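This is target.pdb. It holds PDB, C-alpha atoms and all ligand atoms.
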```pdb
MODEL        1
ATOM      1  CA  MET A   1      91.617  48.995 108.790
ATOM      2  CA  THR A   2      87.883  48.388 108.294
ATOM      3  CA  ILE A   3      85.434  50.316 110.454
ATOM      4  CA  PRO A   4      82.395  48.056 110.790
ATOM      5  CA  SER A   5      79.190  49.694 109.697
ATOM      6  CA  PHE A   6      76.557  47.388 111.111
ATOM      7  CA  ALA A   7      76.412  45.281 114.289
ATOM      8  CA  ILE A   8      73.816  42.564 114.847
ATOM      9  CA  GLY A   9      72.985  40.542 117.974
ATOM     10  CA  ILE A  10      71.265  37.153 117.644
ATOM     11  CA  ALA A  11      69.867  35.674 120.873
ATOM     12  CA  GLY A  12      67.534  32.775 121.690
ATOM     13  CA  GLY A  13      67.401  29.514 123.595
ATOM     14  CA  THR A  14      69.806  26.653 123.147
ATOM     15  CA  GLY A  15      69.157  24.847 119.841
ATOM     16  CA  ALA A  16      66.949  27.664 118.537
ATOM     17  CA  GLY A  17      69.071  28.051 115.385
ATOM     18  CA  LYS A  18      71.138  31.159 116.254
ATOM     19  CA  THR A  19      74.444  29.850 114.916
ATOM     20  CA  THR A  20      72.799  28.667 111.703
ATOM     21  CA  VAL A  21      71.114  32.043 111.107
ATOM     22  CA  ALA A  22      74.390  33.882 111.808
ATOM     23  CA  ARG A  23      76.323  31.577 109.457
ATOM     24  CA  GLU A  24      73.785  31.868 106.626
ATOM     25  CA  ILE A  25      73.758  35.676 106.838
ATOM     26  CA  SER A  26      77.548  35.800 106.859
ATOM     27  CA  GLU A  27      77.834  33.472 103.853
ATOM     28  CA  ASN A  28      75.349  35.323 101.651
ATOM     29  CA  VAL A  29      75.549  38.973 102.560
ATOM     30  CA  GLY A  30      78.396  39.964 100.237
ATOM     31  CA  GLU A  31      80.165  42.094 102.893
ATOM     32  CA  SER A  32      82.991  40.947 105.135
ATOM     33  CA  VAL A  33      81.434  39.617 108.332
ATOM     34  CA  THR A  34      83.044  39.025 111.733
ATOM     35  CA  LEU A  35      81.252  36.364 113.772
ATOM     36  CA  VAL A  36      81.495  36.632 117.546
ATOM     37  CA  ALA A  37      80.192  33.561 119.412
ATOM     38  CA  LEU A  38      79.210  34.460 122.970
ATOM     39  CA  ASP A  39      80.229  30.887 123.950
ATOM     40  CA  ASN A  40      83.860  31.958 123.514
ATOM     41  CA  TYR A  41      83.371  34.371 126.414
ATOM     42  CA  TYR A  42      82.551  31.765 129.070
ATOM     43  CA  GLU A  43      84.640  32.559 132.169
ATOM     44  CA  ASP A  44      88.028  30.894 132.355
ATOM     45  CA  LEU A  45      87.489  28.064 134.882
ATOM     46  CA  SER A  46      90.930  26.494 134.550
ATOM     47  CA  HIS A  47      91.404  26.767 138.331
ATOM     48  CA  MET A  48      88.597  24.193 138.854
ATOM     49  CA  ALA A  49      88.738  20.403 138.540
ATOM     50  CA  PHE A  50      86.815  18.780 135.644
ATOM     51  CA  GLU A  51      84.085  17.389 137.966
ATOM     52  CA  GLU A  52      83.507  20.847 139.434
ATOM     53  CA  ARG A  53      83.424  22.502 135.980
ATOM     54  CA  ALA A  54      80.903  19.915 134.755
ATOM     55  CA  ASN A  55      78.461  21.092 137.436
ATOM     56  CA  VAL A  56      78.607  24.834 136.708
ATOM     57  CA  ASN A  57      75.395  26.584 135.650
ATOM     58  CA  TYR A  58      76.367  27.628 132.090
ATOM     59  CA  ASP A  59      73.035  29.300 131.394
ATOM     60  CA  HIS A  60      73.255  31.944 134.131
ATOM     61  CA  PRO A  61      74.578  35.383 133.092
ATOM     62  CA  SER A  62      77.371  35.078 135.688
ATOM     63  CA  ALA A  63      78.932  32.269 133.595
ATOM     64  CA  PHE A  64      80.170  34.829 131.039
ATOM     65  CA  GLU A  65      83.057  37.304 131.126
ATOM     66  CA  TRP A  66      81.024  40.364 130.098
ATOM     67  CA  GLU A  67      83.848  42.836 130.634
ATOM     68  CA  LEU A  68      86.050  41.090 128.063
ATOM     69  CA  LEU A  69      83.155  40.795 125.609
ATOM     70  CA  ARG A  70      82.396  44.545 125.884
ATOM     71  CA  GLU A  71      86.072  45.378 125.445
ATOM     72  CA  HIS A  72      86.325  43.164 122.333
ATOM     73  CA  LEU A  73      83.122  44.461 120.740
ATOM     74  CA  ASP A  74      84.264  48.003 121.392
ATOM     75  CA  ALA A  75      87.626  47.278 119.753
ATOM     76  CA  LEU A  76      86.052  45.613 116.695
ATOM     77  CA  LEU A  77      83.588  48.475 116.297
ATOM     78  CA  SER A  78      86.499  50.934 116.381
ATOM     79  CA  GLY A  79      88.226  49.005 113.601
ATOM     80  CA  GLN A  80      90.757  47.175 115.776
ATOM     81  CA  ALA A  81      91.560  43.456 115.644
ATOM     82  CA  ILE A  82      91.166  41.263 118.743
ATOM     83  CA  GLU A  83      92.587  38.012 120.122
ATOM     84  CA  MET A  84      89.368  36.041 120.576
ATOM     85  CA  PRO A  85      89.261  33.296 123.237
ATOM     86  CA  GLN A  86      88.197  29.821 122.084
ATOM     87  CA  TYR A  87      86.056  27.352 124.031
ATOM     88  CA  ASP A  88      86.197  23.576 124.483
ATOM     89  CA  PHE A  89      82.736  22.197 125.359
ATOM     90  CA  SER A  90      84.010  18.668 126.015
ATOM     91  CA  GLU A  91      86.357  19.953 128.731
ATOM     92  CA  HIS A  92      84.154  22.891 129.882
ATOM     93  CA  LEU A  93      87.270  24.971 129.429
ATOM     94  CA  ARG A  94      88.607  28.035 127.663
ATOM     95  CA  LYS A  95      91.381  26.848 125.358
ATOM     96  CA  ASP A  96      94.967  28.025 125.760
ATOM     97  CA  GLU A  97      95.079  29.429 122.236
ATOM     98  CA  THR A  98      93.231  32.505 120.967
ATOM     99  CA  VAL A  99      92.327  33.406 117.380
ATOM    100  CA  HIS A 100      93.306  36.700 115.762
ATOM    101  CA  VAL A 101      90.069  38.293 114.486
ATOM    102  CA  GLU A 102      89.940  41.309 112.176
ATOM    103  CA  PRO A 103      86.911  43.620 112.149
ATOM    104  CA  GLY A 104      84.606  43.004 109.180
ATOM    105  CA  GLU A 105      82.141  45.473 107.685
ATOM    106  CA  VAL A 106      79.422  43.651 109.621
ATOM    107  CA  ILE A 107      79.769  42.248 113.156
ATOM    108  CA  ILE A 108      77.428  39.456 114.312
ATOM    109  CA  LEU A 109      77.287  38.535 118.001
ATOM    110  CA  GLU A 110      75.446  35.256 118.548
ATOM    111  CA  GLY A 111      74.582  33.446 121.794
ATOM    112  CA  ILE A 112      71.914  32.575 124.364
ATOM    113  CA  LEU A 113      72.346  35.924 126.171
ATOM    114  CA  ALA A 114      73.418  38.123 123.242
ATOM    115  CA  LEU A 115      70.640  40.597 124.112
ATOM    116  CA  TYR A 116      71.133  40.477 127.897
ATOM    117  CA  ASP A 117      73.685  43.180 128.703
ATOM    118  CA  ASP A 118      72.625  46.847 128.389
ATOM    119  CA  ASP A 119      76.051  48.049 127.213
ATOM    120  CA  VAL A 120      76.215  45.313 124.585
ATOM    121  CA  ASN A 121      72.675  46.114 123.430
ATOM    122  CA  ASP A 122      73.708  49.755 122.996
ATOM    123  CA  MET A 123      76.531  48.704 120.670
ATOM    124  CA  LEU A 124      74.195  46.692 118.412
ATOM    125  CA  ASP A 125      72.277  48.222 115.486
ATOM    126  CA  LEU A 126      69.912  45.296 115.013
ATOM    127  CA  HIS A 127      68.609  42.998 117.790
ATOM    128  CA  ILE A 128      67.275  39.596 116.739
ATOM    129  CA  TYR A 129      65.651  36.890 118.867
ATOM    130  CA  VAL A 130      65.310  33.402 117.383
ATOM    131  CA  GLU A 131      62.253  31.698 118.827
ATOM    132  CA  THR A 132      61.849  27.941 118.531
ATOM    133  CA  ASP A 133      59.606  25.669 120.623
ATOM    134  CA  ALA A 134      61.299  24.095 123.653
ATOM    135  CA  ASP A 135      60.574  20.515 122.515
ATOM    136  CA  VAL A 136      62.276  21.123 119.157
ATOM    137  CA  ARG A 137      65.230  22.810 120.873
ATOM    138  CA  ILE A 138      65.843  19.980 123.365
ATOM    139  CA  LEU A 139      65.716  17.384 120.571
ATOM    140  CA  ARG A 140      68.272  19.399 118.577
ATOM    141  CA  ARG A 141      70.397  19.839 121.684
ATOM    142  CA  ILE A 142      70.449  16.133 122.590
ATOM    143  CA  GLU A 143      71.726  15.276 119.130
ATOM    144  CA  ARG A 144      74.338  18.050 119.122
ATOM    145  CA  ASP A 145      75.605  17.514 122.679
ATOM    146  CA  VAL A 146      76.011  13.764 122.217
ATOM    147  CA  VAL A 147      77.562  13.957 118.739
ATOM    148  CA  ASP A 148      79.655  17.153 118.957
ATOM    149  CA  ARG A 149      80.140  17.985 122.625
ATOM    150  CA  GLY A 150      81.052  14.572 124.107
ATOM    151  CA  ARG A 151      78.020  14.282 126.444
ATOM    152  CA  ASP A 152      75.784  11.325 127.371
ATOM    153  CA  LEU A 153      71.993  11.330 127.169
ATOM    154  CA  GLU A 154      71.430  11.166 130.934
ATOM    155  CA  GLY A 155      73.759  14.136 131.531
ATOM    156  CA  VAL A 156      72.054  16.226 128.850
ATOM    157  CA  MET A 157      68.639  15.507 130.376
ATOM    158  CA  ASP A 158      69.771  16.278 133.959
ATOM    159  CA  GLN A 159      71.424  19.541 132.877
ATOM    160  CA  TYR A 160      68.357  20.551 130.874
ATOM    161  CA  LEU A 161      65.991  20.144 133.828
ATOM    162  CA  SER A 162      68.294  21.550 136.524
ATOM    163  CA  THR A 163      69.707  24.652 134.803
ATOM    164  CA  VAL A 164      69.046  25.041 131.050
ATOM    165  CA  LYS A 165      65.234  25.201 131.238
ATOM    166  CA  PRO A 166      64.908  27.357 134.403
ATOM    167  CA  MET A 167      67.598  29.809 133.229
ATOM    168  CA  HIS A 168      65.924  30.033 129.838
ATOM    169  CA  GLU A 169      62.700  31.069 131.514
ATOM    170  CA  GLN A 170      64.357  33.439 134.002
ATOM    171  CA  PHE A 171      67.010  35.148 131.857
ATOM    172  CA  ILE A 172      66.999  34.236 128.161
ATOM    173  CA  GLU A 173      63.352  34.385 127.116
ATOM    174  CA  PRO A 174      62.864  37.827 128.803
ATOM    175  CA  THR A 175      65.553  39.325 126.509
ATOM    176  CA  LYS A 176      63.025  38.972 123.677
ATOM    177  CA  LYS A 177      61.710  42.374 124.754
ATOM    178  CA  HIS A 178      64.953  43.922 123.418
ATOM    179  CA  ALA A 179      64.481  42.381 119.956
ATOM    180  CA  ASP A 180      63.695  44.435 116.859
ATOM    181  CA  ILE A 181      62.849  41.216 115.015
ATOM    182  CA  ILE A 182      61.751  37.748 116.181
ATOM    183  CA  ILE A 183      62.573  34.871 113.826
ATOM    184  CA  PRO A 184      60.608  31.648 114.184
ATOM    185  CA  GLU A 185      62.282  28.210 113.979
ATOM    186  CA  GLY A 186      65.886  29.250 113.307
ATOM    187  CA  ALA A 187      67.145  29.210 109.744
ATOM    188  CA  ASN A 188      63.813  30.248 108.254
ATOM    189  CA  SER A 189      64.752  30.998 104.634
ATOM    190  CA  MET A 190      62.360  33.924 104.131
ATOM    191  CA  ALA A 191      63.528  35.625 107.341
ATOM    192  CA  VAL A 192      67.191  35.038 106.500
ATOM    193  CA  THR A 193      66.751  36.484 102.979
ATOM    194  CA  LEU A 194      65.005  39.589 104.342
ATOM    195  CA  LEU A 195      67.780  40.021 106.896
ATOM    196  CA  GLU A 196      70.487  39.734 104.261
ATOM    197  CA  GLU A 197      68.788  42.485 102.258
ATOM    198  CA  LYS A 198      68.545  44.693 105.346
ATOM    199  CA  VAL A 199      72.208  44.146 106.240
ATOM    200  CA  GLN A 200      73.314  44.885 102.681
ATOM    201  CA  ALA A 201      71.230  48.045 102.523
ATOM    202  CA  GLU A 202      72.409  49.333 105.932
ATOM    203  CA  SER A 203      76.086  48.531 105.511
ATOM    204  CA  GLY A 204      76.001  49.879 101.936
ATOM    205  CA  ASN A 205      74.415  53.146 103.111
ATOM    206  CA  VAL A 206      77.033  53.667 105.793
ATOM    207  CA  ALA A 207      79.863  52.758 103.410
ATOM    208  CA  GLU A 208      78.565  55.301 100.859
ATOM    209  CA  TRP A 209      78.217  57.928 103.587
ATOM    210  CA  ALA A 210      81.796  57.236 104.799
ATOM    211  CA  ALA A 211      83.133  57.496 101.229
ATOM    212  CA  ARG A 212      81.290  60.823 100.722
ATOM    213  CA  GLU A 213      82.696  62.138 104.032
ATOM    214  CA  ALA A 214      86.210  61.067 102.993
ATOM    215  CA  ASP A 215      85.778  62.812  99.597
ATOM    216  CA  LEU A 216      84.560  65.995 101.282
ATOM    217  CA  ASP A 217      87.495  65.884 103.662
ATOM    218  CA  THR A 218      89.999  65.522 100.814
ATOM    219  CA  SER A 219      88.479  68.316  98.711
ATOM    220  CA  GLU A 220      88.370  70.668 101.736
ATOM    221  CA  ARG A 221      92.018  69.934 102.535
ATOM    222  CA  SER A 222      93.077  70.581  98.911
ATOM    223  CA  ARG A 223      91.406  74.051  98.914
TER
HETATM  224  N1  LIG B   1      64.737  26.209 110.522
HETATM  225  C1  LIG B   1      65.361  25.061 110.844
HETATM  226  N2  LIG B   1      64.824  23.884 110.525
HETATM  227  C2  LIG B   1      65.411  22.714 110.854
HETATM  228  N3  LIG B   1      66.587  22.618 111.518
HETATM  229  C3  LIG B   1      67.181  23.768 111.859
HETATM  230  C4  LIG B   1      66.626  25.055 111.558
HETATM  231  N4  LIG B   1      67.456  26.019 112.041
HETATM  232  C5  LIG B   1      68.483  25.374 112.627
HETATM  233  N5  LIG B   1      68.329  24.032 112.509
HETATM  234  C6  LIG B   1      69.212  22.954 113.026
HETATM  235  O1  LIG B   1      69.099  22.954 114.441
HETATM  236  C7  LIG B   1      70.329  22.584 115.050
HETATM  237  C8  LIG B   1      70.706  23.637 116.087
HETATM  238  O2  LIG B   1      70.971  24.848 115.396
HETATM  239  P1  LIG B   1      72.076  25.887 115.919
HETATM  240  O3  LIG B   1      72.115  26.967 114.909
HETATM  241  O4  LIG B   1      73.348  25.175 116.257
HETATM  242  O5  LIG B   1      71.351  26.372 117.265
HETATM  243  P2  LIG B   1      71.873  27.356 118.401
HETATM  244  O6  LIG B   1      73.094  28.039 117.898
HETATM  245  O7  LIG B   1      70.735  28.278 118.647
HETATM  246  O8  LIG B   1      72.134  26.467 119.602
HETATM  247  C9  LIG B   1      71.347  22.446 113.909
HETATM  248  O9  LIG B   1      71.475  21.082 113.614
HETATM  249  C10 LIG B   1      70.695  23.196 112.755
HETATM  250  O10 LIG B   1      71.060  22.658 111.514
HETATM  251  N1  LIG B   2      80.761  23.925 129.309
HETATM  252  C1  LIG B   2      79.572  24.209 128.809
HETATM  253  C2  LIG B   2      79.252  25.489 128.347
HETATM  254  C3  LIG B   2      77.995  25.724 127.808
HETATM  255  N2  LIG B   2      77.089  24.710 127.743
HETATM  256  C4  LIG B   2      75.752  24.944 127.185
HETATM  257  O1  LIG B   2      75.841  25.592 125.932
HETATM  258  C5  LIG B   2      74.619  26.254 125.681
HETATM  259  C6  LIG B   2      74.862  27.494 124.834
HETATM  260  O2  LIG B   2      75.253  27.114 123.544
HETATM  261  P1  LIG B   2      74.193  27.039 122.331
HETATM  262  O3  LIG B   2      75.070  26.800 121.144
HETATM  263  O4  LIG B   2      73.256  25.930 122.630
HETATM  264  O5  LIG B   2      73.502  28.350 122.279
HETATM  265  C7  LIG B   2      74.042  26.652 127.037
HETATM  266  O6  LIG B   2      72.679  26.327 127.086
HETATM  267  C8  LIG B   2      74.883  25.829 128.035
HETATM  268  O7  LIG B   2      74.062  25.003 128.829
HETATM  269  C9  LIG B   2      77.416  23.459 128.211
HETATM  270  O8  LIG B   2      76.566  22.529 128.158
HETATM  271  N3  LIG B   2      78.650  23.231 128.727
ENDMDL
END
```
Please rewrite the model in this file as structure tokens.
Amino acid sequence: MTIPSFAIGIAGGTGAGKTTVAREISENVGESVTLVALDNYYEDLSHMAFEERANVNYDHPSAFEWELLREHLDALLSGQAIEMPQYDFSEHLRKDETVHVEPGEVIILEGILALYDDDVNDMLDLHIYVETDADVRILRRIERDVVDRGRDLEGVMDQYLSTVKPMHEQFIEPTKKHADIIIPEGANSMAVTLLEEKVQAESGNVAEWAAREADLDTSERSR
């Protein structure tokens, strides 16, 4: 059982570069990292027809199952594995299968509203907001949604104007006030390198402290 020593939240608008930053940190940090994508915690809408699901506002906080996310973060931070839901963007649907996820030394929660919920914020040691201009983000999103998420251009544009943009302004951008660090443009190599160093230092410190505590415990018991 690994007890994670450092938990990071990475928030920001759609297409800001959150997933890329999270992936780069996890690949280079030299500790075991558990990635938690907030997208996997979209509410289960299997009771709705496809047409109805396609019209849901997926950028409002009510679209997410916060209770399950809190429960899973709490479990991971206590060193317990979870069965993480998986999400299908083409179908707007939580998949039937889950993935067994073990707690790493570092936990990274990444998603548009990763810094929205007070209880979640309390569980995080480091709060990051990735800030990228809206025009860059929508261009990135058009490409991604058409290529990877089975959408057409007209649908992406309608959704952007009706829900994505207004929800960004109302709910996502204001979470910047919870950030310890704001990263411009997404996978900004200087920012990512500094973050990797910080994560290594913090998780190393806690690991050393835990080892010292364990040593003390053993020597006290043997007296
Ligand atoms: N600093 C950057 N410069 C150029 N492209 C970037 C940068 N950061 C991320 N990207 C690209 O932007 C796109 C969206 O990034 P992603 O990490 O998926 O965003 P998010 O998870 O915030 O929606 C990806 O194609 C990614 O490669
Ligand atoms: N069925 C869904 C669910 C979510 N979205 C959009 O995904 C965006 C969040 O993901 P990022 O990787 O861009 O952070 C969010 O803006 C939702 O609009 C969707 O289109 N369909």
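Run against this file, the PyMOL selection byres (((not hetatm)) within 6 of (chain B and resi 1)) gives back A:Thr14, A:Gly15, A:Ala16, A:Gly17, A:Lys18, A:Thr19, A:Thr20, A:Arg140, A:Glu185, A:Gly186, A:Ala187, A:Asn188.
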- Message: Around ligand LIG 2 (chain B), which protein and nucleic acid residues have at least one atom no more than 6 Å from it, if we count all atoms listed in the file? List them as a list in words.
- Response: Thr14, Gly15, Tyr58, Asp59, Phe89, His92, Gly111, Ile112 and Val164 of chain A
Residue subset to file, keeping C-alpha atoms, as a PDB file, in the frame of the given file:
```pdb
ATOM      1  CA  THR A  14      69.806  26.653 123.147  1.00  0.00           C
ATOM      2  CA  GLY A  15      69.157  24.847 119.841  1.00  0.00           C
ATOM      3  CA  TYR A  58      76.367  27.628 132.090  1.00  0.00           C
ATOM      4  CA  ASP A  59      73.035  29.300 131.394  1.00  0.00           C
ATOM      5  CA  PHE A  89      82.736  22.197 125.359  1.00  0.00           C
ATOM      6  CA  HIS A  92      84.154  22.891 129.882  1.00  0.00           C
ATOM      7  CA  GLY A 111      74.582  33.446 121.794  1.00  0.00           C
ATOM      8  CA  ILE A 112      71.914  32.575 124.364  1.00  0.00           C
ATOM      9  CA  VAL A 164      69.046  25.041 131.050  1.00  0.00           C
TER      10      VAL A 164
END
```
- Who sits within 8 Å of Glu196 in chain A, all atoms listed in the file, same chain under 5 positions skipped, as a ChimeraX atom specification: /A:25,28-29
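Nearest-residue note for Gly79 in chain A: choosing from A:Glu105, A:Glu97, A:Asp180, A:Asp135, the minimum distance belongs to A:Glu105, counting all atoms listed in the file.
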- Message: With all atoms listed in the file as the counted atoms, please give the residues lying no more than 9 Å from Ile82 in chain A, apart from itself and same-chain residues fewer than 5 positions off, as a PyMOL selection string.
- Response: chain A and resi 72-73+75-76+99-103
- For CA of Glu143 in chain A and CA of Pro85 in chain A, quote the distance in Å rounded to one decimal. 25.5 Å
- Query: Which of these, A:Tyr129, A:Ser90, A:Leu38, A:Met48, has the shortest distance to Arg149 in chain A once you count all atoms listed in the file?
  - Reply: A:Ser90
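Going from CA of Thr193 in chain A over to CA of Met123 in chain A, you cover 23.6 Å.
Of the listed residues A:Val106, A:Leu93, A:Leu139, A:Ala114, the one whose atoms come nearest to Ala201 in chain A is A:Val106, with distances taken using all atoms listed in the file.
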- What separates CA of Ile182 in chain A and CA of Gln200 in chain A is a distance of 19.2 Å
- Query: So which residues get picked by the PyMOL selection byres (((chain A and resi 199) around 12) and not hetatm) here, written as an MDAnalysis selection string?
  - Reply: chainID A and resid 4:8 22 25:26 28:33 105:108 125:126 192:198 200:207
Expansion of the PyMOL selection byres (((chain A and resi 64) around 9) and not hetatm) into residues, as an mmCIF file with C-alpha atoms, keeping the file's coordinate frame:
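Okay, out.cif is ready:
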```cif
data_model
loop_
_atom_site.group_PDB
_atom_site.id
_atom_site.type_symbol
_atom_site.label_atom_id
_atom_site.label_comp_id
_atom_site.auth_asym_id
_atom_site.auth_seq_id
_atom_site.Cartn_x
_atom_site.Cartn_y
_atom_site.Cartn_z
ATOM 1 C CA LEU A 38 79.210 34.460 122.970
ATOM 2 C CA ASP A 39 80.229 30.887 123.950
ATOM 3 C CA ASN A 40 83.860 31.958 123.514
ATOM 4 C CA TYR A 41 83.371 34.371 126.414
ATOM 5 C CA TYR A 42 82.551 31.765 129.070
ATOM 6 C CA GLU A 43 84.640 32.559 132.169
ATOM 7 C CA ASP A 44 88.028 30.894 132.355
ATOM 8 C CA TYR A 58 76.367 27.628 132.090
ATOM 9 C CA HIS A 60 73.255 31.944 134.131
ATOM 10 C CA PRO A 61 74.578 35.383 133.092
ATOM 11 C CA SER A 62 77.371 35.078 135.688
ATOM 12 C CA ALA A 63 78.932 32.269 133.595
ATOM 13 C CA GLU A 65 83.057 37.304 131.126
ATOM 14 C CA TRP A 66 81.024 40.364 130.098
ATOM 15 C CA GLU A 67 83.848 42.836 130.634
ATOM 16 C CA LEU A 69 83.155 40.795 125.609
#
```
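Proximity to Glu91 in chain A was assessed for A:Val146, A:Leu115, A:Val120, A:Arg151 counting only C-alpha atoms; the smallest distance is recorded for A:Arg151.
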